[in-house]
Amino acid sequence: MTSRQSARHARLGWYFWWQFHDYMLHQAPATAVLTAMYAYLTLMPILNGSRTNGRGFSVATLPLPVVRELFADLLASLLLLGTLFATNGIVATDRKTGFYRFYFAKPVSAPRFYTNAFLANGAGVLGVSLALLVAFALLVRPILPVSFVPAAMYVAFGGVGFLLSTIWRFDWLSLITVAIVSSLGWGMWGEDPGIRGWLVHLLPPMHRASDLYAYVAGTSPSFPWATQLWLTGYGAGCFLIGLWILRTRSLATQ
């Protein structure tokens with residue numbers, strides 16, 4: 001390895017911690033606060049009985065199946081919301097504000113720089129997830145799964161968000177649109193043998209992610225490998241296409 005390559009790798013390593021710090025300072029608090037608010041709004045109807053046929057509970061007396069369903073629901077919201085914040089504007093904001101001119105004044109590869117950012121933000125999402133998992137264990141009930149699903153789902157959703165951010169500036173809206181259209185499309189035409197079914201299969205099967213969360217929460221006995229591989233492979237493919245766009249398209253292009 002030449003001295004120039006060593007310096008470049010060292011610089012990218014420094015960028016990683018700077019990008020991780022930036023995520024923890026800005027996106028992480030918003031992710032944690034919104035997830036906590038959603039948890040409160042989801043838990044209160046269970047405790048006051050409005051979602052349990054009039055039977056109220058305290059947190060200590062919640063049945064374990066209810067706790068596991070609550071955990072799966074919160075995990076689904078956390079990973080989608082966390083990934084949305086983590087990839088929102090990851091490339092598009094730098095292009096829009098012109099910050100890329102500062103970042104790449106030194107000889108740093110754009111694909112490597114944004115791969116760094118993607119990994120740093122992913123580490124931040126996992127850190128927030130761990131903190132909220134501990135909070136759930138302390139405040140509700142200890143459920144301590146050992147699973148790679150959060151990291152795999154970050155790749156699944158984040159890869160799509162990353163690709164959209166390399167294409168245009170409204171990437172956060174695009175990711176939400178993909179999630180909604182995918183869920184609705186698969187629900188209506190997933191089994192359609194015609195053209196609509198073929199078109200739906202071009203979208204990620206986000207509606208099946210609930211099977212993964214159910215397994216992590218302990219409400220499903222078998223791991224849905226096909227769903228996990230499909231979603232993660234789709235996201236990884238989108239991420240690679242995004243890197244190709246960064247390599248071939250100037251960041252100065254709006």
# chains A, B, ... in the order shown; residues from 1 in each chain; ligands from 1
$ residues_around --residues "A:Asp22" --least-positions-apart "2" --cutoff "12 Å" --atoms "only C-alpha atoms" --output "MDAnalysis selection string"
chainID A and resid 15:20 24:29 86 90 117 120:121 123:124
$ residues_around --residues "A:Ala217" --least-positions-apart "4" --cutoff "7 Å" --atoms "only C-alpha atoms" --output "ChimeraX atom specification"
/A:68,71-72,213
$ residues_around --residues "A:Gly56" --least-positions-apart "4" --cutoff "10 Å" --atoms "only C-alpha atoms" --output "VMD selection string"
chain A and resid 44 to 52 61 to 62
$ residues_around --residues "A:Gly82" --least-positions-apart "3" --cutoff "7 Å" --atoms "only C-alpha atoms" --output "compact mmCIF listing (two decimals) with all heavy atoms, in the first residue's frame"
# COMPACT_ATOMS: atom_id res chain seq x y z
N THR A 31 -35.19 10.37 15.73
CA THR A 31 -35.64 8.99 15.63
C THR A 31 -36.11 8.47 16.97
O THR A 31 -37.19 7.85 17.08
CB THR A 31 -34.50 8.10 15.10
OG1 THR A 31 -34.09 8.57 13.81
CG2 THR A 31 -34.94 6.65 14.98
N LEU A 78 -39.72 1.61 14.14
CA LEU A 78 -38.37 2.11 14.38
C LEU A 78 -37.48 1.93 13.16
O LEU A 78 -36.77 2.86 12.75
CB LEU A 78 -37.76 1.40 15.58
CG LEU A 78 -36.25 1.58 15.79
CD1 LEU A 78 -35.92 3.05 16.05
CD2 LEU A 78 -35.77 0.70 16.93
N LEU A 79 -37.50 0.75 12.56
CA LEU A 79 -36.58 0.48 11.45
C LEU A 79 -36.94 1.27 10.21
O LEU A 79 -36.05 1.76 9.50
CB LEU A 79 -36.55 -1.02 11.16
CG LEU A 79 -35.91 -1.87 12.27
CD1 LEU A 79 -35.91 -3.34 11.89
CD2 LEU A 79 -34.49 -1.40 12.57
N PHE A 85 -34.82 8.55 8.25
CA PHE A 85 -34.00 9.66 8.73
C PHE A 85 -32.53 9.46 8.35
O PHE A 85 -31.83 10.43 8.04
CB PHE A 85 -34.11 9.80 10.25
CG PHE A 85 -35.35 10.51 10.70
CD1 PHE A 85 -36.18 9.96 11.64
CD2 PHE A 85 -35.68 11.75 10.18
CE1 PHE A 85 -37.33 10.62 12.07
CE2 PHE A 85 -36.81 12.43 10.59
CZ PHE A 85 -37.65 11.85 11.55
N ALA A 86 -32.06 8.22 8.39
CA ALA A 86 -30.64 7.95 8.13
C ALA A 86 -30.24 8.20 6.68
O ALA A 86 -29.11 8.59 6.40
CB ALA A 86 -30.30 6.52 8.54
N VAL A 125 -28.17 3.99 13.50
CA VAL A 125 -29.50 3.39 13.62
C VAL A 125 -29.46 2.20 14.58
O VAL A 125 -30.34 2.03 15.44
CB VAL A 125 -30.03 2.94 12.24
CG1 VAL A 125 -31.31 2.12 12.39
CG2 VAL A 125 -30.30 4.15 11.37
$ closest_residue --among "A:Val160, A:Trp189, A:Trp225, A:Phe136" --to "A:Thr177" --atoms "only C-alpha atoms"
A:Val160
$ select_by_dssp --residues "stretch 181-227 of chain A" --states "helix (DSSP H, G or I)" --output "JSON, numbers by chain"
{"A": [181, 182, 183, 184, 185, 186, 187, 188, 189, 195, 196, 197, 198, 199, 200, 206, 207, 208, 209, 210, 211, 212, 213, 214, 215, 216, 217, 225, 226, 227]}
$ write_last_selection --atoms "C-alpha atoms" --output "tab-separated table (two decimals), in the first residue's frame"
chain	number	residue	atom	x	y	z
A	181	VAL	CA	-47.17	1.75	-3.25
A	182	SER	CA	-45.31	-1.49	-2.58
A	183	SER	CA	-47.58	-2.51	0.29
A	184	LEU	CA	-50.76	-1.61	-1.59
A	185	GLY	CA	-49.58	-3.09	-4.88
A	186	TRP	CA	-48.46	-6.40	-3.40
A	187	GLY	CA	-51.70	-6.63	-1.42
A	188	MET	CA	-53.89	-6.11	-4.51
A	189	TRP	CA	-51.90	-7.65	-7.37
A	195	ILE	CA	-48.93	-7.33	-16.35
A	196	ARG	CA	-49.92	-5.76	-13.03
A	197	GLY	CA	-48.46	-8.71	-11.17
A	198	TRP	CA	-45.21	-8.46	-13.11
A	199	LEU	CA	-44.97	-4.72	-12.43
A	200	VAL	CA	-45.62	-5.22	-8.71
A	206	MET	CA	-42.21	-4.49	2.12
A	207	HIS	CA	-45.50	-5.93	3.35
A	208	ARG	CA	-43.67	-9.14	4.24
A	209	ALA	CA	-41.30	-7.40	6.63
A	210	SER	CA	-43.88	-7.95	9.39
A	211	ASP	CA	-43.01	-11.67	9.28
A	212	LEU	CA	-39.42	-10.81	10.19
A	213	TYR	CA	-40.45	-8.56	13.06
A	214	ALA	CA	-42.80	-11.24	14.37
A	215	TYR	CA	-39.93	-13.71	14.46
A	216	VAL	CA	-37.66	-11.27	16.32
A	217	ALA	CA	-40.43	-10.58	18.83
A	225	TRP	CA	-35.43	-16.65	4.99
A	226	ALA	CA	-36.96	-16.08	1.58
A	227	THR	CA	-38.43	-12.73	2.68
